[in-house]
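Chemist: The structure under discussion is supplied below as structure tokens; questions concerning it will follow.
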Amino acid sequence: MGIALLSFVPALAGLLLPRKLPRTPQTWLLAALAAALFVVLLTYLPVVSEVGHLEFDFPWVPELGLSLTLYLDGLALLFALIVTGIGAVILLYAGYYFEDSAERGRFYALLLGFMSAMLALVLAGNVLTLFIAWELTSLLSFLLISFKNEKEEARAGALQALIITGGGGLALFVGLLLLGTAAGSMRISDILANETLTQHPWYTPFTLLLFAGCFSKSAQFPLHFWLPGAMSAPTPASAYLHSATMVKAGIYLLARLYPPLHETLLWQNTLLLVGMSTLAVGALFALRQRDLKAALAYSTISQLGALTALCALPDYLGTKALLVGVLAHSLYKATLFLMVGAVDHQTGTRNLDELGGLRKTMPQWALVTVVAALSMAGFPPLLGFVAKETLLEAMLRQPLALFVVVFSAVLTVAMAVIMVWEVFFGESRSAAHHDEHHAQHPVPWQMLLGPLLLAAASILAGLNLEGFVTPLIDPTLEKEFELVLFPGFNLPFFISVIAFPSGLTLFSTRAIWRRARVPQPPDAAAIYRALVGSVERAADLVLRSQGGKIRYYLIVILVAMSLLMATGGLLRVFEQPWPFEFSGSTDVLKTALLLFTLGATLASVVFKNHLTATLCLGVAGYSIGGVFLLEPAPDVALVQFLVETLATVLLIIMLVKISPQARERAIANIWSNTRRGLARDIILSSIIGGGVALFALAAVLHRPIPQTIALWHLDNALPLVGIPDVVGAIITDFRAMDTVIEITVFGIVGLGVLTLLTVTKPVGDWPLRPLQALRSIDLRTLRIKRPTPEAPDAPPSAIFDTQTPGMRFATPLTRTIAKIVLPVALLLALAQLLYAGEGPGDGFTAGVTSGLGVALWYIVFGYGETRRRLRWLRPRRLIGGGIALVVLNAVVPMFFGYPFLAHLSFDLPLPANLHLSSTLVFEIGIFLTVFGSSSLVMQAIAQPRDVEEA
Amino acid sequence: MGEFDLLSSLPAIAPEIGLTILIFVAVLLDSFLHESQRKGIAYVAALGMAALAIVPIIPGWAPEPGPTGDYLFWGGMIRHDALAQIFRIMVLASGALTCLMAVDAKRVGNKGEFYTIVLVATLGASLLSASADLIMVFVALETLSIALYCLAAFKRNDSKSTESGMKYFLFGAFSSAIMLYGFSLLYGFTGQTNLYALAQFMGTEAFANNAVPVLAAMVMVIVGFGFKISAVPFHFWTPDVYEGAPTPVTAFLSVASKAASFAVMMRFFIAVFPNDLVIGDYVIQNFWVQFMAAAAVISMTLGNVIALSQKNIKRLLAYSSIAQAGYVLMGVAALQATTPLGAERAVASVGFYLFMYTFSNLLAFAVIILFSEATGSETIADLAGLNRRSPWLALTLTIALLSLAGVPPAAGFFGKFYLFTAAVEADLVWLAMIGVLNAIVGLYYYLVVIKVMYVDRSEDEDKPIPTSQTYRWVLGVATLAVIILGTVGAQVIFEWAVQGAGTLFALLPGVF
């Protein structure tokens with residue numbers, strides 16, 4: 001069971017590690033720890049080779065199949081051994097690589113965290129835990145790459161690496177999600193046991209997504225470019241993450257999922273193609289690099305390509321070569337990287353042009369490097385040779401692939417020779433490393449230990465395959481297999497034999513081909529940059545939609561709404577039979593009126609004069625009223641007429657208050673629009689208007705319950721309420737509570753308008769300002785018992801109120817008319833009130849009628865004079881009184897055992913057909929409120945800005 | 001409608017009652033405390049809300065079916081079920097954290113009315129999470145919105161703040177009006193206001209062949225909700241308001257208001273347009289699910305792409321929040337799942353995502369508030385070297401951003417995991433793919449910010465950002481929440497959300 005927690009050990013060690021520990025104990029302790037882990041893992045080898053695989057379970061989110069499952073088989077064990085074994089070497093090396101202890105501590109923390117994540121990745125028994133570990137390795141890799149963050153290139157490289165691997169990781173995420181869903185389980189053992197995955201309809205999507213993840217992580221062409229960019233990491237990190245372990249995670253996953261997924265052309269062809277291109281591109285590019293680390297990075301890419309290609313082969317043909325290749329590559333490439341670190345440490349450069357002749361100062365390193373390079377070149381009896389032989393053997397049946405392998409083998413040989421020759425032999429070509437420079441940065445002997453070990457491992461493993469390599473790869477391979485150093489004189493051997501002289505020839509002619517200008521193949525880094533650039537440009541483009549102007553925002557909303565409605569089937573309205581037909585002359589008249597409405601509305605848009613336009617709108621409203629009248633619905637028509645009048649009057653007064661110059665400017669602004677703007681406005685308004693019209697049509701055509709409520713009201717108005725007028729019955733009885741609320745709202749609106757329009761100067765702190773204003777108003781009206789305080793003595797000029805612009809309608813004729821109109825309006829209102837139950841008109845219309853009378857006064861006499869002469873008119877009291885009356889009317893009957901809002905009728909013999917009932921009281925209340933509120937609005941609008949509330 | 005039982009109805013609005021009391025307390029404290037002491041109101045409000053947030057977790061307080069046999073209380077106005085509880089916790093927690101985050105903000109922290117309005121907004125959001133009636137939905141929505149308008153314009157001497165308040169108000173009023181129109185149409189068609197009764201009525205024979213107006217009404221409702229959750233194309237207000245509003249308000253706006261709106265939106269659509277509702281030859285659910293999927297795609301893509309070119313961190317988070325809304329909409333679209341369990345999972349994934357998003361986003365905003373209060377800057381480039389200035393602060397923001405990007409082990413990973421799983425299980429593989437593409441784009445801009453903090457150098461590296469004790473608590477709690485939700489807590493919360501989703505679907509027909 002202990003193995004389950006094994007992957008947490010390095011991270012814990014990293015957390016608990018005392019920061020101030022001296023170099024030697026710290027380094028050796030950690031290296032020993034990793035080595036101990038290595039040994040612990042090694043003890044599982046016999047069990048695994050016997051049982052096949054082990055599984056441990058720690059429930060986490062079990063019902064979702066998410067648990068800390070460990071899956072340990074030969075493959076996992078091999079990778080885990082590499083992670084811990086190479087890890088131990090790197091930890092030892094890093095202890096002496098960093099001179100600054102703070103830097104070393106930070107590096108250790110990150111590296112140990114990475115080791116944990118990597119172990120968790122290879123040991124994961126569940127694809128989700130695998131993914132979590134996967135992303136963690138990407139993040140830690142990012143932090144390690146940006147470890148030395150002074151250089152701009154380091155930052156760019158770190159970000160690029162993270163975006164490629166992290167983005168690929170997210171693709172992998174969905175791939176794994178789909179895979180898990182398709183397999184019905186997130187457990188690796190279940191997925192491996194599932195044999196029908198290749199037939200699953202999601203096979204192609206999840207395989208491609210998995211590929212995207214693996215290719216990005218394992219630096220496969222064309223996503224390979226992040227790896228050379230990542231070389232700005234400290235060399236121990238490069239050796240560990242970017243050659244031995246993390247970049248092999250993609251290979252690991254491919255190998256892991258190989259059994260259930262590989263039997264398709266998609267899998268085989270894609271992997272072979274990608275692997276082969278990576279192999280060739282990497283090997284080619286490696287030769288062209290002058291930076292040692294970059295050269296190693298490209299050579300790593302090349303090897304990873306070979307490993308990917310091996311995953312492509314059917315029938316487990318490539319498995320043996322894959323496992324040997326992983327092992328061999330980890331051993332020699334880590335050695336080479338560590339050598340570069342040492343050289344860099346000693347000379348301060350890793351540029352091939354500045355190096356040479358180091359065998360004199362670093363003889364041991366030269367020896368180690370020769371061994372590693374020979375292994376890389378595939379020279380017997382090193383493990384690299386076995387790796388190459390098995391690779392060639394596996395590829396025998398793929399002629400084209402075989403050609404690529406041979407080609408890159410030649411290049412690799414040349415690369416290996418360059419690595420040894422140009423660094424350690426020949427003459428020093430640069431002044432960069434003088435002797436005193438050496439003295440400053442001698443490479444401690446402890447740094448050599450690790451590479452020495454790895455190089456020895458390369459030799460020993462090659463010499464004693466039975467003892468070292470076979471047990472490691474044996475558990476994974478199901479079939480019997482043979483692994484020998486020298487299989488005889490077969491084709492792979494001959495190819496090897498050819499490769500060496502060719503490679504050497506290539507090396508010796510390097511002076512020639514280095515001068516040749518090879519056309520650059522498409523550089524994916526450029527594509528990446530172009531992609532990022534174009535996305536950012538697209539962002540800027542889309543960003544233009546965010547112009548900051550509310551009207552555009554609202555237009556988008558309205559258009560979107562109209563389009564949505566259109567998709568919602570609004571257009572299907574036309575498929576319905578239209579139940580419209582002309583019958584009789586009233587229909588002709590109605591049509592005419594509607595056309596008139598349309599014309600008037602259009603005119604209101606076209607006329608540039610505000611007054612005319614407003615009047616046109618009024619005419620349109622009146623025409624609608626006419627349609628109501630023809631319905632016949634005299635009540636509604638009357639309300640429509642009155643409200644239209646009131647609205648027009650209000651609008652005109654408001655317009656008049658705006659100075660003519662401001663109005664001119666506004667008009668000019670609207671009409672200064674370009675033709676395109678005008679066309680746009682027309683199109684938009686047609687879409688939105690058409691949408692609304694269609695919607696209205698749809699609502700009419702699809703009226704869910706035809707007419708039920710209306711008929712009920714018609715039938716019951718007289719018997720239940722005792723009022724022949726249905727509208728009156730609805731207002732005062734059927735929906736009486738609504739009416740109570742509505743008039744209250746009406747009253748509040750009046751007060752609100754007053755508050756908004758009259759208070760302009762800040763009074764105290766702002767949250768209180770409206771409140772204070774209201775309070776002062778109300779208190780004054782309530783407290784003062786005497787008649788309304790004198791209006792401020794208006795100067796004579798106030799009669800022809802010149803302060804308020806536009807108030808110049810006061811001709812003798814208009815004054816006379818106004819004086820006559822108000823009493824007449826009140827009289828009319830009275831009539832409407834008293835006969836509300838029988839004919840058109842009710843409390844509301846009465847209120848509006850009287851309000852219009854007052855409005856005329858304000859227009860003609862102006863604010864000051866009107867207030868003075870109509871002193872009896874106290875709108876706020878009217879509102880209050882009206883609401884109070886209505887409430888009383890509703891409540892008082894309750895004291896006599898009637899329900900709330902009961903309808904009471906008193907059969908008193910009154911003249912003139914009058915009828916006293918609670919309805920009449922109700923109507924009077926409505927009248928008072930509406931009258932008060934409309935007068936208040938008028939007063940508020942007419943009030944000049946600088947006259948304070950009386 | 002069963003007999004009204006006051007005692008059994010009170011727990012259904014316990015958080016609201018508590019909030020109302022808190023509001024009065026805050027107003028009184030505001031009147032009696034000296035200006036220098038008014039910061040104390042923040043602690044009172046925050047502790048009060050935190051206490052209220054804990055109430056639903058107390059065992060034995062789990063919602064139980066009311067007197068009418070379902071979870072409806074107060075005449076069908078409130079549906080007191082486990083899902084409502086989860087969303088209330090989110091809302092209350094974000095309210096509490098917002099109050100604490102505002103303490104040190106200049107021109108905000110010492111104003112008592114700020115906390116009062118936050119409390120009112122929280123009240124509205126809390127009520128919204130549980131409302132089950134057209135009237136209640138609208139009243140709660142407006143309680144929330146009007147308070148938010150005021151909050152957005154809170155720095156009234158700051159032209160950006162007033163502009164954002166004004167824009168938010170105009171937009172809000174506009175879309176509220178459209179939504180109200182939709183509500184009134186629904187009421188007009190059916191004569192019902194209760195969400196659950198609406199669906200029953202529309203399912204009857206009398207309603208056949210009336211799909212078109214119903215769809216039109218639905219579109220109007222969608223517009224209203226789309227505004228609240230800032231889904232494209234109703235998103236335009238978001239960046240302007242986020243940038244202009246005081247940052248604590250932005251934080252609150254981005255989580256509480258959004259979470260509550262998602263809650264009520266799911267409740268609304270599941271209740272009013274359930275999957276078995278067929279009017280004429282229209283399967284009504286298809287329409288809104290398709291819309292949600294489309295809105296998810298557009299919101300994710302647009303939000304993420306525009307976020308790429310942002311220089312201001314608040315604007316970046318604004319666009320990121322649009323994209324995040326897109327992810328969540330994926331979960332809503334996954335409601336098309338054919339199995340009840342699938343649909344429950346979809347709801348639960350939305351719940352979990354918003355839960356973790358609440359903490360992640362608040363965490364990000366908390367760091368930004370600290371940073372901009374100390375430096376006066378909200379530019380991403382100015383975050384350079386934050387790792388050296390204040391390593392913990394940089395780490396905190398990193399965790400928040402990683403969570404938003406969906407990188408394990410932060411909570412966002414599980415959020416995306418549940419969402420994508422729900423989408424895949426609902427046969428929306430294509431949607432999940434687009435989601436992933438977007439997540440990659442999203443990863444880019446979050447990582448750029450992290451890179452700036454960790455890698456770029458700045459001249460101010462020796463000037464640490466001062467962090468008060470209160471703030472450390474806020475950051476600590478939120479970070480802990482993000483980490484816990486990303487590790488051990490994921491299962492618990494998701495389980496709970498699945499349970500809550502179960503009660504959401506537990507419709508008991510024949511009640512009305």
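Ordered as shown in the structure tokens, chains take letters A, B, and onward, while each chain numbers its residues from 1 and ligands are numbered from 1 in the order shown.
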Can you list every residue of chain B that has an atom at most 8 Å from chain A, with its nearest atom pair and the distance in Å to one decimal, using only C-alpha atoms, ordered by chain then number, as CSV?
Modeler:
residue,atom,partner,partner_atom,distance
B:Lys167,CA,A:Ile550,CA,7.1
B:Phe171,CA,A:Leu554,CA,7.5
B:Phe189,CA,A:Pro704,CA,6.1
B:Ala206,CA,A:Pro704,CA,7.0
B:Phe207,CA,A:Pro704,CA,5.8
B:Asn209,CA,A:His702,CA,7.2
B:Asn210,CA,A:His702,CA,5.3
B:Val212,CA,A:Gly569,CA,5.8
B:Pro213,CA,A:Ala699,CA,5.4
B:Leu215,CA,A:Gly568,CA,5.7
B:Ala216,CA,A:Met565,CA,5.5
B:Val219,CA,A:Met565,CA,6.3
B:Met220,CA,A:Met561,CA,7.2
B:Val223,CA,A:Met561,CA,7.0
B:Pro233,CA,A:Ile557,CA,6.4
B:Phe234,CA,A:Ile557,CA,5.9
B:Phe236,CA,A:Tyr553,CA,6.0
B:Trp237,CA,A:Tyr553,CA,7.9
B:Asp240,CA,A:Gly548,CA,7.2
B:Phe287,CA,A:Gly568,CA,7.2
B:Leu302,CA,A:Val542,CA,7.7
B:Val305,CA,A:Ala539,CA,5.1
B:Ile306,CA,A:Ala539,CA,4.5
B:Ala307,CA,A:Ala539,CA,7.5
B:Leu308,CA,A:Glu536,CA,6.1
B:Ser309,CA,A:Glu536,CA,5.9
B:Val407,CA,A:Glu135,CA,6.9
B:Pro408,CA,A:Ile132,CA,5.5
B:Pro409,CA,A:Ile132,CA,6.9
B:Phe420,CA,A:Val174,CA,7.6
B:Thr421,CA,A:Leu177,CA,6.9
B:Val424,CA,A:Leu178,CA,7.2
B:Glu425,CA,A:Thr181,CA,7.7
B:Ala432,CA,A:Val174,CA,7.4
B:Met433,CA,A:Val174,CA,7.2
B:Val436,CA,A:Ala171,CA,6.3
B:Leu437,CA,A:Ala171,CA,7.5
B:Ala439,CA,A:Leu170,CA,7.2
B:Ile440,CA,A:Gly167,CA,4.9
B:Val441,CA,A:Gly167,CA,8.0
B:Leu443,CA,A:Gly167,CA,7.2
B:Tyr444,CA,A:Ile163,CA,6.2
B:Leu447,CA,A:Leu159,CA,7.5
B:Val448,CA,A:Leu159,CA,7.4
B:Lys451,CA,A:Leu159,CA,7.0
B:Val455,CA,A:Asn149,CA,5.7
B:Asp456,CA,A:Asn149,CA,7.5
B:Arg457,CA,A:Glu150,CA,7.8
B:Val488,CA,A:Trp60,CA,7.3
B:Ala490,CA,A:Val61,CA,7.8
B:Gln491,CA,A:Val61,CA,5.4
Chemist: List every residue of region 243-320 of chain B that DSSP, applied to the backbone of this structure, places in strand (DSSP E or B), and write the result as a ChimeraX atom specification.
Modeler: /B:278-279,282-283,312
Chemist: So that I have them on file, write out the residues from the current selection with all heavy atoms, as a compact mmCIF listing (two decimals), in the first residue's frame.
Modeler:
# COMPACT_ATOMS: atom_id res chain seq x y z
N VAL B 278 -45.25 19.88 -25.00
CA VAL B 278 -45.37 19.96 -26.45
C VAL B 278 -46.62 20.77 -26.77
O VAL B 278 -47.71 20.42 -26.34
CB VAL B 278 -45.48 18.56 -27.08
CG1 VAL B 278 -45.62 18.68 -28.58
CG2 VAL B 278 -44.28 17.72 -26.71
N ILE B 279 -46.43 21.85 -27.48
CA ILE B 279 -47.57 22.65 -27.88
C ILE B 279 -47.67 22.55 -29.40
O ILE B 279 -46.74 22.97 -30.10
CB ILE B 279 -47.43 24.12 -27.45
CG1 ILE B 279 -47.29 24.18 -25.93
CG2 ILE B 279 -48.61 24.92 -27.90
CD1 ILE B 279 -47.13 25.57 -25.39
N TYR B 282 -44.60 21.68 -31.66
CA TYR B 282 -43.34 22.18 -31.11
C TYR B 282 -42.98 21.43 -29.83
O TYR B 282 -43.81 21.36 -28.92
CB TYR B 282 -43.48 23.66 -30.74
CG TYR B 282 -43.30 24.61 -31.87
CD1 TYR B 282 -44.38 25.01 -32.63
CD2 TYR B 282 -42.05 25.15 -32.15
CE1 TYR B 282 -44.22 25.91 -33.66
CE2 TYR B 282 -41.89 26.05 -33.18
CZ TYR B 282 -42.98 26.42 -33.93
OH TYR B 282 -42.81 27.32 -34.93
N VAL B 283 -41.79 20.90 -29.80
CA VAL B 283 -41.27 20.48 -28.49
C VAL B 283 -40.59 21.72 -27.93
O VAL B 283 -39.55 22.16 -28.41
CB VAL B 283 -40.26 19.33 -28.64
CG1 VAL B 283 -39.75 18.91 -27.28
CG2 VAL B 283 -40.90 18.17 -29.35
N ASN B 312 -6.68 46.37 -19.18
CA ASN B 312 -7.16 46.66 -17.83
C ASN B 312 -7.65 45.36 -17.20
O ASN B 312 -8.43 44.64 -17.80
CB ASN B 312 -8.30 47.69 -17.93
CG ASN B 312 -8.88 48.02 -16.58
OD1 ASN B 312 -9.35 47.16 -15.86
ND2 ASN B 312 -8.85 49.29 -16.23
Chemist: Measuring atom to atom with only C-alpha atoms, identify which of B:Gly109, B:Pro464, B:Gly224, B:Pro246 is nearest to Leu383 (chain B).
Modeler: B:Pro464
Chemist: Between CA of His80 (chain B) and CA of Ala478 (chain B), what is the distance, to one decimal in Å?
Modeler: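 Rounded to one decimal, the two atoms are 26.9 Å apart.
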Chemist: So, with only C-alpha atoms as the atoms that count, which of A:Leu615, A:Ala620, A:Leu531, A:Ala286 lies closest to Thr601 (chain A)?
Modeler: A:Ala620
Chemist: Near Gly124 (chain B), within 6 Å and counting only C-alpha atoms, which residues show up once chain neighbours fewer than 4 positions away are dropped, as JSON, numbers by chain?
Modeler: {"B": [128, 140, 143, 144]}
Chemist: Store the residues picked out above, limited to N, CA, C and O atoms, as a CSV table (one decimal), in the first residue's frame.
Modeler:
chain,number,residue,atom,x,y,z
B,128,LEU,N,-34.3,35.9,-5.0
B,128,LEU,CA,-34.4,35.5,-6.4
B,128,LEU,C,-34.1,34.0,-6.5
B,128,LEU,O,-34.7,33.3,-7.3
B,140,ALA,N,-38.1,40.3,-6.8
B,140,ALA,CA,-36.7,40.0,-6.3
B,140,ALA,C,-35.7,40.5,-7.3
B,140,ALA,O,-34.7,41.1,-6.9
B,143,THR,N,-35.4,44.2,-6.8
B,143,THR,CA,-34.8,44.5,-5.5
B,143,THR,C,-33.3,44.4,-5.7
B,143,THR,O,-32.5,45.3,-5.2
B,144,LEU,N,-32.9,43.4,-6.4
B,144,LEU,CA,-31.4,43.2,-6.6
B,144,LEU,C,-30.9,44.3,-7.6
B,144,LEU,O,-29.9,44.9,-7.3
Chemist: Return as number ranges by chain the full set of residues in region 329-461 of chain B whose backbone-based DSSP assignment is helix (DSSP H, G or I).
Modeler: B: 329-336, 340-375, 380-383, 386-389, 391-405, 411-425, 429-454
Chemist: Using only C-alpha atoms, which protein or nucleic acid residues come within 12 Å of Thr505 (chain A)? Drop anything in the same chain fewer than 2 positions from it, and give the result as a tab-separated table (two decimals) with all heavy atoms, in the first residue's frame.
Modeler:
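Contents of the output file result_26.tsv:
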chain	number	residue	atom	x	y	z
A	410	VAL	N	21.84	8.59	-39.79
A	410	VAL	CA	23.07	9.20	-40.31
A	410	VAL	C	23.27	10.58	-39.70
A	410	VAL	O	24.36	10.92	-39.20
A	410	VAL	CB	23.00	9.28	-41.85
A	410	VAL	CG1	24.19	10.06	-42.38
A	410	VAL	CG2	22.94	7.89	-42.45
A	411	LEU	N	22.20	11.36	-39.69
A	411	LEU	CA	22.30	12.70	-39.13
A	411	LEU	C	22.68	12.65	-37.66
A	411	LEU	O	23.46	13.45	-37.16
A	411	LEU	CB	20.97	13.43	-39.30
A	411	LEU	CG	20.51	13.70	-40.73
A	411	LEU	CD1	19.21	14.49	-40.72
A	411	LEU	CD2	21.56	14.46	-41.51
A	413	VAL	N	24.35	10.36	-36.09
A	413	VAL	CA	25.76	10.03	-35.93
A	413	VAL	C	26.60	11.30	-36.09
A	413	VAL	O	27.46	11.61	-35.25
A	413	VAL	CB	26.19	8.98	-36.98
A	413	VAL	CG1	27.71	8.85	-37.00
A	413	VAL	CG2	25.55	7.64	-36.68
A	414	ALA	N	26.29	12.05	-37.10
A	414	ALA	CA	27.03	13.30	-37.33
A	414	ALA	C	26.90	14.22	-36.13
A	414	ALA	O	27.87	14.82	-35.65
A	414	ALA	CB	26.51	13.98	-38.58
A	415	MET	N	25.68	14.29	-35.60
A	415	MET	CA	25.42	15.16	-34.44
A	415	MET	C	26.26	14.73	-33.25
A	415	MET	O	26.88	15.55	-32.56
A	415	MET	CB	23.93	15.07	-34.11
A	415	MET	CG	23.48	16.07	-33.06
A	415	MET	SD	23.67	17.74	-33.66
A	415	MET	CE	24.66	18.45	-32.35
A	417	VAL	N	29.01	13.09	-33.21
A	417	VAL	CA	30.42	13.39	-33.41
A	417	VAL	C	30.69	14.87	-33.18
A	417	VAL	O	31.67	15.25	-32.52
A	417	VAL	CB	30.86	12.95	-34.83
A	417	VAL	CG1	32.35	13.24	-35.01
A	417	VAL	CG2	30.59	11.47	-35.03
A	418	ILE	N	29.83	15.69	-33.70
A	418	ILE	CA	29.99	17.14	-33.51
A	418	ILE	C	30.04	17.46	-32.02
A	418	ILE	O	30.90	18.20	-31.54
A	418	ILE	CB	28.82	17.90	-34.17
A	418	ILE	CG1	28.96	17.84	-35.69
A	418	ILE	CG2	28.79	19.34	-33.69
A	418	ILE	CD1	27.81	18.50	-36.42
A	498	ILE	N	26.35	0.97	-42.38
A	498	ILE	CA	26.39	2.04	-43.39
A	498	ILE	C	26.29	3.40	-42.71
A	498	ILE	O	26.94	4.36	-43.12
A	498	ILE	CB	25.25	1.88	-44.41
A	498	ILE	CG1	25.41	0.54	-45.13
A	498	ILE	CG2	25.25	3.03	-45.40
A	498	ILE	CD1	24.16	0.11	-45.86
A	499	ALA	N	25.50	3.46	-41.66
A	499	ALA	CA	25.20	4.76	-41.05
A	499	ALA	C	26.45	5.41	-40.51
A	499	ALA	O	26.60	6.64	-40.59
A	499	ALA	CB	24.16	4.58	-39.94
A	500	PHE	N	27.34	4.63	-39.95
A	500	PHE	CA	28.49	5.26	-39.32
A	500	PHE	C	29.40	6.00	-40.28
A	500	PHE	O	29.65	7.19	-40.07
A	500	PHE	CB	29.27	4.21	-38.51
A	500	PHE	CG	28.69	4.05	-37.15
A	500	PHE	CD1	27.86	3.01	-36.85
A	500	PHE	CD2	28.94	5.02	-36.19
A	500	PHE	CE1	27.30	2.89	-35.60
A	500	PHE	CE2	28.38	4.91	-34.94
A	500	PHE	CZ	27.56	3.84	-34.64
A	501	PRO	N	29.86	5.32	-41.34
A	501	PRO	CA	30.70	6.09	-42.28
A	501	PRO	C	29.96	7.26	-42.89
A	501	PRO	O	30.55	8.35	-43.06
A	501	PRO	CB	31.08	5.05	-43.34
A	501	PRO	CG	30.28	3.85	-43.07
A	501	PRO	CD	29.76	3.91	-41.69
A	502	SER	N	28.68	7.07	-43.18
A	502	SER	CA	27.93	8.19	-43.78
A	502	SER	C	27.90	9.36	-42.81
A	502	SER	O	28.10	10.52	-43.20
A	502	SER	CB	26.50	7.77	-44.11
A	502	SER	OG	26.48	6.48	-44.61
A	503	GLY	N	27.65	9.05	-41.55
A	503	GLY	CA	27.59	10.10	-40.54
A	503	GLY	C	28.93	10.80	-40.43
A	503	GLY	O	29.00	12.03	-40.35
A	507	PHE	N	29.93	14.61	-41.13
A	507	PHE	CA	30.63	15.44	-40.15
A	507	PHE	C	31.83	16.12	-40.77
A	507	PHE	O	32.07	17.32	-40.59
A	507	PHE	CB	31.06	14.57	-38.97
A	507	PHE	CG	32.01	15.26	-38.05
A	507	PHE	CD1	31.57	16.28	-37.21
A	507	PHE	CD2	33.35	14.91	-38.00
A	507	PHE	CE1	32.42	16.92	-36.37
A	507	PHE	CE2	34.22	15.56	-37.16
A	507	PHE	CZ	33.76	16.56	-36.34
A	508	SER	N	32.59	15.32	-41.57
A	508	SER	CA	33.81	15.89	-42.11
A	508	SER	C	33.53	16.94	-43.17
A	508	SER	O	34.36	17.79	-43.45
A	508	SER	CB	34.69	14.78	-42.69
A	508	SER	OG	33.94	14.06	-43.63
A	509	THR	N	32.36	16.88	-43.78
A	509	THR	CA	32.03	17.89	-44.79
A	509	THR	C	31.24	19.04	-44.19
A	509	THR	O	30.62	19.82	-44.90
A	509	THR	CB	31.21	17.26	-45.92
A	509	THR	OG1	30.06	16.66	-45.34
A	509	THR	CG2	32.00	16.22	-46.68
A	510	ARG	N	31.23	19.15	-42.86
A	510	ARG	CA	30.35	20.14	-42.22
A	510	ARG	C	30.66	21.55	-42.66
A	510	ARG	O	29.77	22.40	-42.74
A	510	ARG	CB	30.41	20.02	-40.71
A	510	ARG	CG	31.78	20.37	-40.11
A	510	ARG	CD	31.76	19.98	-38.63
A	510	ARG	NE	32.98	20.41	-37.96
A	510	ARG	CZ	34.14	19.76	-38.04
A	510	ARG	NH1	34.25	18.70	-38.81
A	510	ARG	NH2	35.19	20.19	-37.37
A	511	ALA	N	31.93	21.78	-42.98
A	511	ALA	CA	32.28	23.14	-43.40
A	511	ALA	C	31.52	23.52	-44.66
A	511	ALA	O	31.16	24.67	-44.87
A	511	ALA	CB	33.79	23.22	-43.65
A	512	ILE	N	31.26	22.52	-45.51
A	512	ILE	CA	30.59	22.81	-46.78
A	512	ILE	C	29.10	23.06	-46.57
A	512	ILE	O	28.57	24.10	-46.92
A	512	ILE	CB	30.80	21.64	-47.77
A	512	ILE	CG1	32.30	21.44	-47.99
A	512	ILE	CG2	30.07	21.90	-49.08
A	512	ILE	CD1	32.64	20.10	-48.61
A	513	TRP	N	28.45	22.04	-45.91
A	513	TRP	CA	26.99	22.21	-45.84
A	513	TRP	C	26.55	23.28	-44.85
A	513	TRP	O	25.42	23.73	-44.86
A	513	TRP	CB	26.26	20.88	-45.61
A	513	TRP	CG	26.71	20.02	-44.45
A	513	TRP	CD1	27.46	18.89	-44.55
A	513	TRP	CD2	26.42	20.18	-43.07
A	513	TRP	NE1	27.68	18.34	-43.33
A	513	TRP	CE2	27.04	19.10	-42.39
A	513	TRP	CE3	25.73	21.13	-42.33
A	513	TRP	CZ2	26.97	18.95	-41.01
A	513	TRP	CZ3	25.66	20.97	-40.96
A	513	TRP	CH2	26.28	19.89	-40.31
Chemist: Could you pull the residues within 7 Å of Pro492 (chain A), counting only C-alpha atoms, minus those fewer than 4 positions along the same chain, as an MDAnalysis selection string?
Modeler: chainID A and resid 389 392:393 496
Chemist: Hey, can you check how far CA of Arg529 (chain A) sits from CA of Tyr446 (chain B)?
Modeler: 17.8 Å
Chemist: Considering only C-alpha atoms, return as a ChimeraX atom specification whatever protein or nucleic-acid residues lie within 12 Å of Val477 (chain B), sequence-local ones (same chain, fewer than 5 positions apart) excluded.
Modeler: /B:50,93-94,96-97,100,359-360,362-363,366,396,470-472,482-485
